[in-house]
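Source file: upload27.txt (compact mmCIF, C-alpha atoms)
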```
# COMPACT_ATOMS: atom_id res chain seq x y z
CA MET A 235 3.38 18.95 -36.31
CA GLU A 236 1.84 21.89 -38.17
CA TYR A 237 0.85 20.21 -41.45
CA PRO A 238 -2.03 18.12 -40.00
CA SER A 239 -3.54 21.20 -38.32
CA ARG A 240 -3.21 23.15 -41.51
CA MET A 241 -5.08 20.49 -43.46
CA ALA A 242 -7.69 19.97 -40.76
CA GLY A 243 -8.51 23.66 -40.89
CA ALA A 244 -9.01 23.69 -44.65
CA CYS A 245 -12.71 23.84 -45.44
CA ALA A 246 -12.73 22.82 -49.07
CA PRO A 247 -10.32 21.19 -51.49
CA PRO A 248 -8.65 23.41 -54.06
CA PRO A 249 -10.49 23.87 -57.36
CA LEU A 250 -10.00 21.07 -59.85
CA PHE A 251 -8.53 23.34 -62.49
CA LEU A 252 -6.86 26.72 -62.28
CA PRO A 253 -5.95 29.25 -64.98
CA PRO A 254 -2.66 28.49 -66.77
CA ARG A 255 0.46 29.65 -64.95
CA SER A 256 4.01 29.98 -66.22
CA ASP A 257 5.52 27.79 -63.51
CA ARG A 258 3.01 24.93 -63.84
CA LEU A 259 5.37 22.59 -65.71
CA PRO A 260 8.20 22.95 -63.15
CA LEU A 261 5.65 22.31 -60.38
CA ILE A 262 4.45 19.14 -62.12
CA ARG A 263 8.05 17.98 -62.46
CA GLU A 264 8.71 18.68 -58.78
CA ALA A 265 5.60 16.72 -57.83
CA PHE A 266 6.82 13.86 -60.03
CA GLY A 267 10.14 13.88 -58.18
CA LEU A 268 8.35 13.89 -54.82
CA GLU A 269 6.43 10.78 -55.87
CA TRP A 270 9.71 9.02 -56.69
CA LEU A 271 10.97 9.93 -53.20
CA THR A 272 7.70 8.64 -51.75
CA ILE A 273 8.03 5.31 -53.57
CA GLY A 274 11.62 4.85 -52.41
CA TRP A 275 10.90 5.61 -48.77
CA MET A 276 7.60 3.74 -48.63
CA THR A 277 9.27 0.60 -49.96
CA VAL A 278 11.80 0.70 -47.12
CA GLU A 279 9.13 1.61 -44.57
CA ALA A 280 6.73 -1.15 -45.64
CA VAL A 281 9.37 -3.89 -45.62
CA VAL A 282 10.87 -2.92 -42.24
CA ALA A 283 7.55 -2.22 -40.49
CA ILE A 284 5.77 -5.38 -41.66
CA TRP A 285 8.80 -7.57 -40.95
CA ALA A 286 9.25 -6.04 -37.49
CA GLY A 287 5.51 -6.24 -36.77
CA VAL A 288 5.27 -9.91 -37.69
CA THR A 289 8.47 -10.73 -35.79
CA VAL A 290 7.35 -9.20 -32.46
CA GLY A 291 3.59 -9.62 -32.94
CA SER A 292 2.90 -5.88 -33.17
CA LEU A 293 -0.46 -4.92 -34.68
CA VAL A 294 0.41 -1.24 -34.86
CA LEU A 295 3.62 -1.95 -36.79
CA VAL A 296 1.81 -4.21 -39.25
CA ALA A 297 -0.84 -1.50 -39.74
CA PHE A 298 1.92 1.03 -40.23
CA GLY A 299 3.51 -1.17 -42.87
CA LEU A 300 0.20 -1.72 -44.68
CA ASP A 301 -0.35 2.04 -44.69
CA SER A 302 3.00 2.28 -46.49
CA VAL A 303 1.79 -0.23 -49.09
CA ILE A 304 -1.33 1.89 -49.69
CA GLU A 305 0.85 4.97 -50.10
CA LEU A 306 2.96 3.08 -52.62
CA ALA A 307 -0.17 2.39 -54.67
CA SER A 308 -1.26 6.01 -54.38
CA ALA A 309 2.15 7.27 -55.47
CA GLY A 310 2.10 4.97 -58.49
CA VAL A 311 -1.31 6.27 -59.57
CA LEU A 312 -0.19 9.87 -59.04
CA MET A 313 2.85 9.31 -61.23
CA TRP A 314 0.53 8.16 -64.01
CA ARG A 315 -1.63 11.28 -63.62
CA LEU A 316 1.42 13.59 -63.63
CA SER A 317 3.00 11.81 -66.60
CA VAL A 318 -0.20 12.39 -68.62
CA GLU A 319 0.14 16.13 -68.10
CA LEU A 320 3.89 16.12 -68.77
CA ARG A 321 3.32 14.35 -72.10
CA HIS A 322 0.08 15.93 -73.26
CA GLY A 323 -0.41 19.15 -71.31
CA GLN A 324 -2.96 20.37 -68.76
CA LYS A 325 -5.98 19.93 -71.04
CA PHE A 326 -5.38 16.20 -71.40
CA SER A 327 -4.92 15.68 -67.67
CA GLU A 328 -8.56 16.43 -66.76
CA ARG A 329 -9.84 12.84 -67.00
CA ALA A 330 -6.68 11.50 -65.34
CA GLU A 331 -7.18 14.00 -62.50
CA ARG A 332 -10.73 12.81 -61.81
CA ILE A 333 -9.77 9.14 -61.93
CA THR A 334 -6.72 9.64 -59.73
CA SER A 335 -8.63 11.76 -57.23
CA ARG A 336 -11.24 9.01 -56.81
CA ILE A 337 -8.59 6.33 -56.42
CA GLY A 338 -6.83 8.45 -53.79
CA GLY A 339 -10.11 8.94 -51.93
CA GLY A 340 -10.85 5.21 -52.11
CA LEU A 341 -7.44 4.37 -50.68
CA LEU A 342 -8.09 6.76 -47.78
CA PHE A 343 -11.38 4.94 -47.09
CA VAL A 344 -9.58 1.58 -47.16
CA LEU A 345 -6.96 2.87 -44.75
CA ALA A 346 -9.64 4.25 -42.40
CA ALA A 347 -11.44 0.89 -42.39
CA TYR A 348 -8.26 -1.04 -41.66
CA VAL A 349 -7.16 1.31 -38.88
CA THR A 350 -10.62 1.03 -37.27
CA VAL A 351 -10.76 -2.77 -37.42
CA ALA A 352 -7.16 -3.20 -36.24
CA ALA A 353 -7.54 -0.77 -33.34
CA MET A 354 -10.87 -2.23 -32.19
CA TRP A 355 -9.46 -5.75 -32.31
CA GLN A 356 -6.47 -4.75 -30.25
CA LEU A 357 -8.65 -3.00 -27.66
CA TRP A 358 -11.02 -5.98 -27.54
CA THR A 359 -8.25 -8.53 -27.06
CA LYS A 360 -6.30 -6.22 -24.73
CA THR A 361 -3.04 -7.05 -26.45
CA GLY A 362 -0.09 -4.75 -26.91
CA GLU A 363 3.05 -4.99 -28.93
CA GLU A 364 6.57 -5.94 -27.94
CA PHE A 365 9.28 -3.35 -28.42
CA SER A 366 11.09 -3.43 -31.78
CA TRP A 367 14.14 -1.28 -32.45
CA PRO A 368 13.88 -1.55 -36.28
CA GLY A 369 10.19 -0.63 -36.15
CA PHE A 370 10.84 2.20 -33.69
CA LEU A 371 13.65 3.71 -35.80
CA VAL A 372 11.79 3.55 -39.12
CA ALA A 373 8.75 5.21 -37.50
CA LEU A 374 10.94 7.88 -35.91
CA ILE A 375 12.59 8.74 -39.25
CA ALA A 376 9.19 8.75 -40.98
CA ILE A 377 7.92 11.67 -38.87
CA PRO A 378 10.18 14.38 -40.41
CA ALA A 379 10.22 12.62 -43.79
CA MET A 380 6.42 12.63 -44.05
CA ARG A 381 6.25 16.21 -42.79
CA TYR A 382 8.49 17.34 -45.64
CA LEU A 383 6.67 15.35 -48.32
CA ALA A 384 3.22 16.41 -47.10
CA LYS A 385 4.08 20.12 -46.95
CA ARG A 386 5.52 20.18 -50.46
CA LYS A 387 2.68 18.14 -51.97
CA ILE A 388 0.05 20.33 -50.30
CA ALA A 389 1.76 23.50 -51.56
CA ILE A 390 1.95 22.18 -55.12
CA ALA A 391 -1.62 20.82 -55.03
CA GLU A 392 -2.92 24.27 -54.10
CA LYS A 393 -0.98 25.93 -56.90
CA ILE A 394 -2.00 23.52 -59.67
CA GLY A 395 -5.51 22.80 -58.33
CA SER A 396 -5.09 19.04 -57.98
CA ARG A 397 -7.39 17.20 -55.57
CA ALA A 398 -5.60 13.98 -56.50
CA LEU A 399 -2.25 15.33 -55.29
CA ARG A 400 -3.96 16.72 -52.19
CA ALA A 401 -5.39 13.26 -51.40
CA ASP A 402 -1.92 11.78 -51.83
CA ALA A 403 -0.53 14.47 -49.51
CA MET A 404 -3.18 13.52 -46.95
CA GLU A 405 -1.87 9.98 -46.97
CA ALA A 406 1.56 11.40 -46.13
CA VAL A 407 -0.08 13.36 -43.30
CA THR A 408 -1.71 10.15 -42.09
CA CYS A 409 1.59 8.30 -42.28
CA GLY A 410 3.18 11.06 -40.19
CA TRP A 411 0.48 10.69 -37.54
CA LEU A 412 0.72 6.91 -37.58
CA SER A 413 4.50 7.21 -37.24
CA PHE A 414 3.97 9.34 -34.14
CA VAL A 415 1.44 6.82 -32.78
CA VAL A 416 3.90 3.97 -33.37
CA VAL A 417 6.74 5.81 -31.61
CA VAL A 418 4.56 6.75 -28.62
CA SER A 419 2.91 3.35 -28.30
CA LEU A 420 6.13 1.38 -28.59
CA THR A 421 7.79 3.66 -26.03
CA ALA A 422 4.83 3.48 -23.65
CA GLN A 423 4.62 -0.29 -23.99
CA TRP A 424 8.34 -0.57 -23.29
CA LEU A 425 8.34 1.79 -20.30
CA VAL A 426 5.02 1.22 -18.53
CA GLY A 427 3.22 -1.56 -20.39
CA ALA A 428 0.43 0.76 -21.64
CA TRP A 429 -0.97 -1.67 -24.22
CA TRP A 430 -4.05 0.46 -25.10
CA ILE A 431 -2.27 3.63 -26.32
CA ASP A 432 -1.73 2.56 -29.92
CA GLY A 433 -5.36 1.46 -30.36
CA VAL A 434 -6.81 4.68 -28.97
CA GLY A 435 -4.33 6.85 -30.87
CA SER A 436 -5.08 5.12 -34.16
CA LEU A 437 -8.86 5.55 -33.74
CA ALA A 438 -8.35 9.29 -33.21
CA ILE A 439 -7.36 9.82 -36.86
CA VAL A 440 -10.20 7.84 -38.49
CA TYR A 441 -12.57 10.83 -38.79
CA PHE A 442 -9.78 12.81 -40.42
CA LEU A 443 -9.21 10.03 -42.95
CA VAL A 444 -12.89 9.68 -43.85
CA LYS A 445 -13.37 13.44 -44.23
CA GLU A 446 -10.44 13.82 -46.59
CA GLY A 447 -11.36 10.66 -48.49
CA ARG A 448 -14.88 12.01 -49.04
CA GLU A 449 -13.59 15.31 -50.38
CA ALA A 450 -11.20 13.55 -52.75
CA TRP A 451 -13.89 11.12 -53.96
CA PHE A 452 -16.76 13.56 -54.47
CA GLY A 453 -14.78 16.76 -54.99
CA ASP A 454 -17.31 18.73 -52.99
CA GLN A 455 -17.15 21.17 -50.15
CA CYS A 456 -17.37 20.30 -46.52
CA GLU A 457 -20.44 21.08 -44.45
CA CYS A 458 -19.09 24.32 -43.07
CA CYS A 459 -19.02 25.78 -46.58
CA ALA A 460 -22.42 24.51 -47.64
```

Exercise: express the given structure as C-alpha cells:
Amino acid sequence: MEYPSRMAGACAPPPLFLPPRSDRLPLIREAFGLEWLTIGWMTVEAVVAIWAGVTVGSLVLVAFGLDSVIELASAGVLMWRLSVELRHGQKFSERAERITSRIGGGLLFVLAAYVTVAAMWQLWTKTGEEFSWPGFLVALIAIPAMRYLAKRKIAIAEKIGSRALRADAMEAVTCGWLSFVVVVSLTAQWLVGAWWIDGVGSLAIVYFLVKEGREAWFGDQCECCA
C-alpha cells in the first residue's frame, strides 16, 4: 500500500494555514463528505469486528473494532471543525483547527497505547484467535476502503493546510494497516496456527502512531527537519 509509505516519508505536517485559494470551499465540502463516508463505514466495521472478536475470543478483532470506534470519534470532531469553516469562513476556523488537531493527536496516542497493551498481553499469554469469516471479510474490505479515504484526506489536508485532517487521515492509514494485520493473522492462524503474528504485526505500527500523534498534538517538525 503506497499511502503509508508516503506519509512515513513526510518530514513535517503541512502548515496550519495557507493563503486563500479559490477551490478551498469545494475542498472543505469534499472533506465533509469523506467524513460522512468514514462514519458510515466505521459504524459497520466497529459492530462487526467487536461482535466477531468477542464471539471467537479474538484480541486482534476486538482491537480492530475499538480502532473503528476511535475513528468514529475523530470523524465526529472533524465534522465539527469543517462545519465551523463552512458556516463562518477560514478565519473563524483557526481555533477549531487547533482544538481538533490536538484531539486527533490524543486519539492517536490512545490507539498506540491500546495496541501496545493488547499485543504485549497476547504475546505474554501466547494466545491466538480463532478464525472468523465476518471479521475476515470486514477487514478485507477495509483495506481498499481505508486506502481511498486516506489518500483523499491527505491530498485535501495538504491543500488546505489542516493538521487536524491529516491526523484523521493517519487514523485511516492505521486502520488500513490494522486491516492487513487482521487478514494476515487470521489467515496464518487458520492455516498454520501462527498465534504470534497479530501481536508482532500490531507492535510494528506503534512508533508510526506516536510520531504522527506528536506532530498533530504539538504541530511541530520532526527531528530530521530541526

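What separates atom CA of A:Gln356 from atom CA of A:Ser292 is a distance of 9.9 Å.
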
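If all atoms listed in the file are the atoms counted, then among A:Leu312, A:Ala283, A:Ile388, A:Leu357 the closest residue to A:Ser413 is A:Ala283.
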
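Atom CA of A:Leu295 is found 20.9 Å from atom CA of A:Ala309.
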
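Each of A:Trp429, A:Ala373, A:Glu392, A:Arg397 was compared to A:Gly410 using all atoms listed in the file, and A:Ala373 turns out to be the nearest.
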
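Counting all atoms listed in the file, the residue from A:Cys409, A:Phe370, A:Met380, A:Thr350 that sits nearest to A:Leu268 is A:Met380.
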
Kindly give the distance, in Å, that separates atom CA of A:Arg263 and atom CA of A:Phe452, rounded to a single decimal.
26.4 Å

For A:Glu305, which residue out of A:Ile262, A:Val426, A:Leu345, A:Val351 is the nearest one, using only C-alpha atoms?
A:Leu345

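Excluding A:Gly447 and any residue on its chain fewer than 6 positions from it, the residues at most 12 Å away by only C-alpha atoms are Pro247, Ser335, Arg336, Ile337, Gly338, Gly339, Gly340, Leu341, Leu342, Phe343, Val344, Leu345, Ala346, Ala347, Arg397, Ala398, Arg400, Ala401, Asp402, Ala403, Met404, Glu405, Thr408, Val440, Tyr441, Gly453, Asp454 and Cys456 of chain A.
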
Just the residues within 7 Å of A:Leu437, please, counting only C-alpha atoms, with nothing from its chain fewer than 2 positions along; format it as number ranges by chain.
A: 349-350, 353, 433-435, 439-440
